[in-house]
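Undergrad: Take this structure, written in structure tokens, and hold onto it; I'll ask about it next.
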Protein chains: 2
Amino acid sequence: MSSGDSEGEVQESDLPSAAECEERCQKFAEVTGTDTALAMFFLQDRQWIVARALDAFFAQNPGYGESMQEYPTLNAAEDPLAAAQSMGSGEGSETKVPDVQPHRVRVMSWNIDGLDTANLKQRTRAVINTIKAEKVEVALLQEVVANSESVLRESLTDYKIISGGTSSKEGYYTAILLHKQHTHLDDFETVPYFSSTMGRNLLVVNSTVKGVPMTLMTSHLESTKSHAGERKRQLGIGLNRMKDASTERTVLFGGDLNLRDKELESIGGLPEGIVDVWEETGSRKEARYTWDTYRNDNLATDGKWRTRLRFDRLYLRQCSPPAKLKPVYFELVGLQRVPDVHRFPSDHWGILAHFDILSGSGDSRPFGALSAKEAEESQAKSSSLKPENSKSSDAPASSGKKSGNPEAQPSEGPPPAKRPKD
Amino acid sequence: MSSGDSEGEVQESDLPSAAECEERCQKFAEVTGTDTALAMFFLQDRQWIVARALDAFFAQNPGYGESMQEYPTLNAAEDPLAAAQSMGSGEGSETKVPDVQPHRVRVMSWNIDGLDTANLKQRTRAVINTIKAEKVEVALLQEVVANSESVLRESLTDYKIISGGTSSKEGYYTAILLHKQHTHLDDFETVPYFSSTMGRNLLVVNSTVKGVPMTLMTSHLESTKSHAGERKRQLGIGLNRMKDASTERTVLFGGDLNLRDKELESIGGLPEGIVDVWEETGSRKEARYTWDTYRNDNLATDGKWRTRLRFDRLYLRQCSPPAKLKPVYFELVGLQRVPDVHRFPSDHWGILAHFDILSGSGDSRPFGALSAKEAEESQAKSSSLKPENSKSSDAPASSGKKSGNPEAQPSEGPPPAKRPKD
DNA sequence: CCGCCGAGG
DNA sequence: CCCTCGGCG
Ligand SMILES: [Mg+2]
Ligand SMILES: [Mg+2]
């Protein structure tokens, strides 16, 4: 295995010192989140050049962080998800496909970096392909801009797109995408943050998802460390909104919260009854950091500053008992470079949460009647509803996880969805 | 229950608003690390005054964080540990007592705040009483000063005291205390940090503890957030020293590391083979923060800034297999105010780790012969050995945990020590 | 959208 | 021994 790669052969005299090798192993382990044993494995056949070892590692582990399998040798031809991301899928009219996982709900959140105009359309297409491949019922997007929204609307004809933009689509804004086949849009509203200096707001959508009444919320909270004060205020608005939502609805609030753990702690942590879905699914370290300049070079900082932060989060508040959704898996998406462009879809990874619909909750009908109680509550709000019109044809890519190998880590991708009453 | 306390009765019109009550509950829950249900319990009979509720909570939970029992109504007369802390125990000559837990090793680390001259002797006596009550085999101390060292030497005649101070005991320094009955001092040395601007260093002691050959290390790493760079460098020296220690020794490195999690992460986390004992024992949240201006007002900041950090840590590197010590429990000490003084023993909580000696390791003899291999290794070092001479008489306080009540949390104090071969 | 650092509270 | 903030790499 090692001598087969002639480029990997080196004179003994070319080897770095033992101390240097150890340091490079540490570096590799740090960037990959693995250990120095694995580092040595990758470095020893690559002249102990860290960059080459990292390239090899991530090339062999395109889904690292995503579903934790290790060393699958695959390329776009073998990998349905990679294929999905790269293919120019045709635009088209609404597609009806059988729901192979009727008791599973998938919710994504992703800051798709519309502020970076470079490769915007190609990057947005990669996002679109991931949405289709993962068959998410709900997508919460941030940093949507007019030039990416148009691409989304052209290609995601199976989805209703509710924009959080207010002032005639200038700048960047949020959007919530609802799969038409599996959801019903009940109503929506935007909540302004009056003291935002960055035009941020909160988008709230009431929707019934596979029969589960939900409130879906997204926001792109005030950016940068300096604006922690304003950010915490905005977060409080979102969290209060979650607490105050109808108890008949299951509430999800996700987005680019730009949050540091200390900030959350300083406001007393999450209120009772609200949980972080990443934590709730086991705090998998592979899915922790959603903004990571060690791995993601879209920002082209030339390695001047490297850091990792968990900016993108998803919070859950259950409806009154019995709960209807159980978080079962949390992963990152967008970890592969867009072919040809050689950049990632965004400077953020997307987050993708999988939920099981609990027994007696879902009925597979997208529409669940509002109770008299909630009808009362909701008529107090001045919400408008903007349905989407459908277009041309579309063939969603096949989903499915890539196969792992014997050295795989503890778990590999979401558990299979089960019919609760089986 | 509520009407029995006449001071607790209030006119309904005096009650704060519901929103205000909720806010105060949040505040209480935040400071105590409990929840708002408990907060309401404590607030409702105390006119919703947060300060009174907190006083009541901590008065009833003097050991909160320490062994997690809740609401034991106790005072110094009933509580052996509190009694130990407050009593002026007589100085005396070395005491021999039967070792009731021969397969248990207890190691403490505590910054005892010698830089605060107020109540220094009383505070130091409280530290001494805790050391005696907990019957620690090893204590790692930081911020020892001449005026506290003298008190330690007078009262802790059962311990050898190895000082990390170099320049004729000016300023503040570290010390390692070894229980004479249970340990043998093999040798020690201090390692300077050349770029420290605060006179910090590393104290390394080789000792055999209940038959287990150990390397014990302590340090008070460069303080304040601004000095993260120097602090990380110092930490690296300590961690390297742990890695390089004889594989026949079990290595513990503990102290006031002044560390922020991000800093540890930025140097790639702990090296393989080194674990954080707090994490290893389950990351109990009650024992997480060792410096906490919400609960500890020794710094008299008048509540201007409140924060919590995990400055004090203990790292473990096992000897070559089979391992000899298993970490079983980690708790905080010094959580009770010193009677009369009404201040805590230090602005830091102490940390106390409990280990089980694994089967076939300990032989209850303090002295374990050095192997030929290690004798070779150690003769390369220019270590000096400074034995202590014993003095007057002493009566160590009885230890033992306070009894909990039915509402106790998941666990209550360290598990009973078992003879490995029972 | 970063961390480091120093000033001010 | 804290935090926030602003300047700068
Ligand atoms: Mg951005
Ligand atoms: Mg101090």
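Letters A, B, ... go to the chains of the structure tokens in the order shown; residues in each chain start at 1; ligands are counted from 1 in the same order.
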I need the contact residues of chain A against chain C, so if you could list those with any atom within 8 Å, counting only C-alpha atoms (C1' of nucleotides), and return them as a PDB file with N, CA, C and O atoms, in the first residue's frame, that would help.
TA:
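What landed in result-v2.pdb:
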ATOM      1  N   SER A 223     -24.371  39.765  13.347  1.00  0.00           N
ATOM      2  CA  SER A 223     -23.085  39.099  13.171  1.00  0.00           C
ATOM      3  C   SER A 223     -21.963  39.747  13.964  1.00  0.00           C
ATOM      4  O   SER A 223     -22.081  40.882  14.420  1.00  0.00           O
ATOM      5  N   THR A 224     -20.913  39.037  14.054  1.00  0.00           N
ATOM      6  CA  THR A 224     -19.619  39.401  14.670  1.00  0.00           C
ATOM      7  C   THR A 224     -19.695  39.463  16.199  1.00  0.00           C
ATOM      8  O   THR A 224     -20.711  39.777  16.792  1.00  0.00           O
ATOM      9  N   TRP A 305      -6.426  33.458   9.704  1.00  0.00           N
ATOM     10  CA  TRP A 305      -7.087  33.121  10.968  1.00  0.00           C
ATOM     11  C   TRP A 305      -7.938  31.880  10.769  1.00  0.00           C
ATOM     12  O   TRP A 305      -8.709  31.767   9.840  1.00  0.00           O
ATOM     13  N   ARG A 306      -7.706  30.968  11.661  1.00  0.00           N
ATOM     14  CA  ARG A 306      -8.414  29.702  11.625  1.00  0.00           C
ATOM     15  C   ARG A 306      -9.171  29.527  12.919  1.00  0.00           C
ATOM     16  O   ARG A 306      -8.625  29.674  13.993  1.00  0.00           O
ATOM     17  N   THR A 307     -10.418  29.199  12.778  1.00  0.00           N
ATOM     18  CA  THR A 307     -11.203  28.950  13.976  1.00  0.00           C
ATOM     19  C   THR A 307     -12.437  28.137  13.615  1.00  0.00           C
ATOM     20  O   THR A 307     -12.749  27.935  12.445  1.00  0.00           O
TER      21      THR A 307
END
Undergrad: Would you return as a PyMOL selection string the members of stretch 158-363 of chain A that DSSP assigns to helix (DSSP H, G or I) on this structure's backbone?
TA: chain A and resi 225-244+261-266+277-280+285-287
Undergrad: Keeping N, CA, C and O atoms, export the residues of the selection given above as a compact mmCIF listing (two decimals), in the first residue's frame.
TA:
# COMPACT_ATOMS: atom_id res chain seq x y z
N LYS A 225 -18.54 39.16 16.77
CA LYS A 225 -18.41 39.10 18.22
C LYS A 225 -18.82 40.42 18.88
O LYS A 225 -19.44 40.44 19.94
N SER A 226 -18.46 41.52 18.24
CA SER A 226 -18.72 42.83 18.84
C SER A 226 -20.20 43.08 19.10
O SER A 226 -20.54 43.86 19.98
N HIS A 227 -21.03 42.46 18.31
CA HIS A 227 -22.45 42.76 18.43
C HIS A 227 -23.18 41.75 19.30
O HIS A 227 -24.37 41.47 19.10
N ALA A 228 -22.47 41.23 20.28
CA ALA A 228 -23.07 40.21 21.15
C ALA A 228 -24.32 40.75 21.86
O ALA A 228 -25.29 40.03 22.04
N GLY A 229 -24.27 41.99 22.26
CA GLY A 229 -25.40 42.55 23.00
C GLY A 229 -26.67 42.52 22.17
O GLY A 229 -27.70 41.98 22.60
N GLU A 230 -26.60 43.08 20.98
CA GLU A 230 -27.75 43.08 20.09
C GLU A 230 -28.17 41.64 19.75
O GLU A 230 -29.35 41.31 19.70
N ARG A 231 -27.17 40.79 19.53
CA ARG A 231 -27.47 39.40 19.18
C ARG A 231 -28.24 38.70 20.30
O ARG A 231 -29.21 37.99 20.04
N LYS A 232 -27.84 38.91 21.52
CA LYS A 232 -28.52 38.27 22.64
C LYS A 232 -29.95 38.79 22.77
O LYS A 232 -30.86 38.03 23.11
N ARG A 233 -30.12 40.05 22.49
CA ARG A 233 -31.47 40.62 22.52
C ARG A 233 -32.34 39.93 21.47
O ARG A 233 -33.47 39.53 21.73
N GLN A 234 -31.79 39.80 20.27
CA GLN A 234 -32.54 39.16 19.19
C GLN A 234 -32.84 37.70 19.53
O GLN A 234 -33.95 37.21 19.28
N LEU A 235 -31.87 37.03 20.10
CA LEU A 235 -32.09 35.64 20.49
C LEU A 235 -33.23 35.54 21.49
O LEU A 235 -34.09 34.66 21.40
N GLY A 236 -33.24 36.47 22.44
CA GLY A 236 -34.31 36.48 23.43
C GLY A 236 -35.68 36.62 22.78
O GLY A 236 -36.64 35.95 23.19
N ILE A 237 -35.77 37.45 21.76
CA ILE A 237 -37.04 37.61 21.05
C ILE A 237 -37.47 36.28 20.44
O ILE A 237 -38.61 35.86 20.56
N GLY A 238 -36.52 35.59 19.82
CA GLY A 238 -36.84 34.30 19.22
C GLY A 238 -37.25 33.27 20.26
O GLY A 238 -38.25 32.55 20.08
N LEU A 239 -36.50 33.23 21.35
CA LEU A 239 -36.81 32.24 22.39
C LEU A 239 -38.17 32.53 23.04
O LEU A 239 -38.94 31.62 23.31
N ASN A 240 -38.44 33.81 23.27
CA ASN A 240 -39.75 34.15 23.83
C ASN A 240 -40.87 33.77 22.88
O ASN A 240 -41.91 33.26 23.29
N ARG A 241 -40.61 33.99 21.63
CA ARG A 241 -41.60 33.62 20.63
C ARG A 241 -41.86 32.11 20.66
O ARG A 241 -42.98 31.65 20.48
N MET A 242 -40.81 31.34 20.86
CA MET A 242 -40.97 29.88 20.96
C MET A 242 -41.84 29.52 22.16
O MET A 242 -42.74 28.68 22.08
N LYS A 243 -41.51 30.16 23.29
CA LYS A 243 -42.26 29.85 24.51
C LYS A 243 -43.74 30.20 24.37
O LYS A 243 -44.60 29.51 24.88
N ASP A 244 -43.98 31.31 23.66
CA ASP A 244 -45.34 31.82 23.57
C ASP A 244 -46.16 31.18 22.46
O ASP A 244 -47.35 31.47 22.33
N ASP A 261 -20.99 30.10 22.92
CA ASP A 261 -21.58 29.42 24.07
C ASP A 261 -21.69 30.34 25.29
O ASP A 261 -22.67 30.29 26.03
N LYS A 262 -20.68 31.16 25.50
CA LYS A 262 -20.68 32.06 26.65
C LYS A 262 -21.86 33.03 26.60
O LYS A 262 -22.36 33.48 27.62
N GLU A 263 -22.24 33.41 25.38
CA GLU A 263 -23.36 34.35 25.24
C GLU A 263 -24.66 33.71 25.69
O GLU A 263 -25.46 34.32 26.41
N LEU A 264 -24.85 32.47 25.27
CA LEU A 264 -26.06 31.77 25.67
C LEU A 264 -26.08 31.62 27.19
O LEU A 264 -27.10 31.84 27.85
N GLU A 265 -24.93 31.26 27.72
CA GLU A 265 -24.85 31.08 29.17
C GLU A 265 -25.16 32.38 29.91
O GLU A 265 -25.82 32.38 30.94
N SER A 266 -24.68 33.48 29.35
CA SER A 266 -24.84 34.76 30.03
C SER A 266 -26.29 35.21 30.09
O SER A 266 -26.64 36.10 30.87
N VAL A 277 -31.12 20.89 19.40
CA VAL A 277 -31.28 19.59 18.76
C VAL A 277 -29.94 18.88 18.58
O VAL A 277 -29.85 17.66 18.69
N TRP A 278 -28.87 19.63 18.37
CA TRP A 278 -27.55 19.01 18.28
C TRP A 278 -27.20 18.33 19.61
O TRP A 278 -26.74 17.19 19.64
N GLU A 279 -27.49 19.03 20.71
CA GLU A 279 -27.22 18.43 22.02
C GLU A 279 -28.14 17.24 22.26
O GLU A 279 -27.72 16.20 22.77
N GLU A 280 -29.39 17.42 21.90
CA GLU A 280 -30.40 16.39 22.16
C GLU A 280 -30.10 15.09 21.42
O GLU A 280 -30.53 14.02 21.84
N LYS A 285 -19.51 15.21 18.07
CA LYS A 285 -18.47 16.20 17.82
C LYS A 285 -18.24 16.40 16.33
O LYS A 285 -17.84 17.47 15.90
N GLU A 286 -18.52 15.40 15.54
CA GLU A 286 -18.35 15.54 14.09
C GLU A 286 -19.33 16.56 13.51
O GLU A 286 -19.13 17.03 12.40
N ALA A 287 -20.39 16.85 14.23
CA ALA A 287 -21.40 17.77 13.70
C ALA A 287 -21.48 19.04 14.53
O ALA A 287 -22.46 19.76 14.47
Undergrad: Find the spatial neighbours of A:Tyr159, counting only C-alpha atoms (C1' of nucleotides), within a cut-off of 9 Å - ignore same-chain residues fewer than 4 positions away - and output them as a PyMOL selection string.
TA: chain A and resi 94+137-138+153+177-181+388+390
Undergrad: Give me, as a list of chain:residue names, the set of residues whose atoms come within 9 Å of any atom of ligand 1, counting only C-alpha atoms (C1' of nucleotides) and all ligand atoms.
TA: A:Asn111, A:Ile112, A:Asp113, A:Gly114, A:Leu115, A:Asp116, A:Gln142, A:Glu143, A:Ser223, A:Asp256, A:Ser346, A:Asp347, A:His348, C:DC1
Undergrad: Could you write out as an mmCIF file with C-alpha atoms (C1' of nucleotides), in the first residue's frame the residues of chain D within 10 Å of chain A, counting only C-alpha atoms (C1' of nucleotides)?
TA:
data_model
loop_
_atom_site.group_PDB
_atom_site.id
_atom_site.type_symbol
_atom_site.label_atom_id
_atom_site.label_comp_id
_atom_site.auth_asym_id
_atom_site.auth_seq_id
_atom_site.Cartn_x
_atom_site.Cartn_y
_atom_site.Cartn_z
ATOM 1 C "C1'" DT D 4 -17.205 44.907 26.714
ATOM 2 C "C1'" DC D 5 -15.546 47.537 23.118
ATOM 3 C "C1'" DG D 6 -12.714 49.233 19.372
ATOM 4 C "C1'" DG D 9 -3.412 41.863 11.656
#
Undergrad: Given the choices B:Ala133, B:Leu352, B:Cys25, B:Leu202, which gets closest to chain A if the distance is worked out from only C-alpha atoms?
TA: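 So, comparing all the options, the nearest one is B:Cys25.
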Undergrad: With only C-alpha atoms and all ligand atoms as the atoms that count, which of B:Arg308, B:Lys135, B:His220, B:Arg337 lies nearest to ligand 2?
TA: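 Distance minimum relative to ligand 2 lands on B:His220.
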Undergrad: Select, from B:Leu141, B:Val251, B:Ile267, B:Val338, the residue with the minimum atom-to-atom distance to chain A, counting only C-alpha atoms.
TA: B:Ile267
Undergrad: Which one is closest to chain B: A:Lys121, A:Lys160, A:Arg106, A:Arg24? Count only C-alpha atoms.
TA: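 Between A:Lys121, A:Lys160, A:Arg106, A:Arg24, the residue approaching chain B most closely is A:Arg24.
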Undergrad: Could you please write out, as a PyMOL selection string, every residue of stretch 164-400 of chain B that DSSP assigns to strand (DSSP E or B)?
TA: chain B and resi 173-179+183-192+201-209+212-220+250-256+274-276+291-292+308-309+312-317+325-333+338+343+348+350-357+384
Undergrad: Applying 7 Å and only C-alpha atoms (C1' of nucleotides), which residues near A:Leu325 remain after dropping the ones on its own chain fewer than 3 positions away? List them as an MDAnalysis selection string.
TA: chainID A and resid 355:358
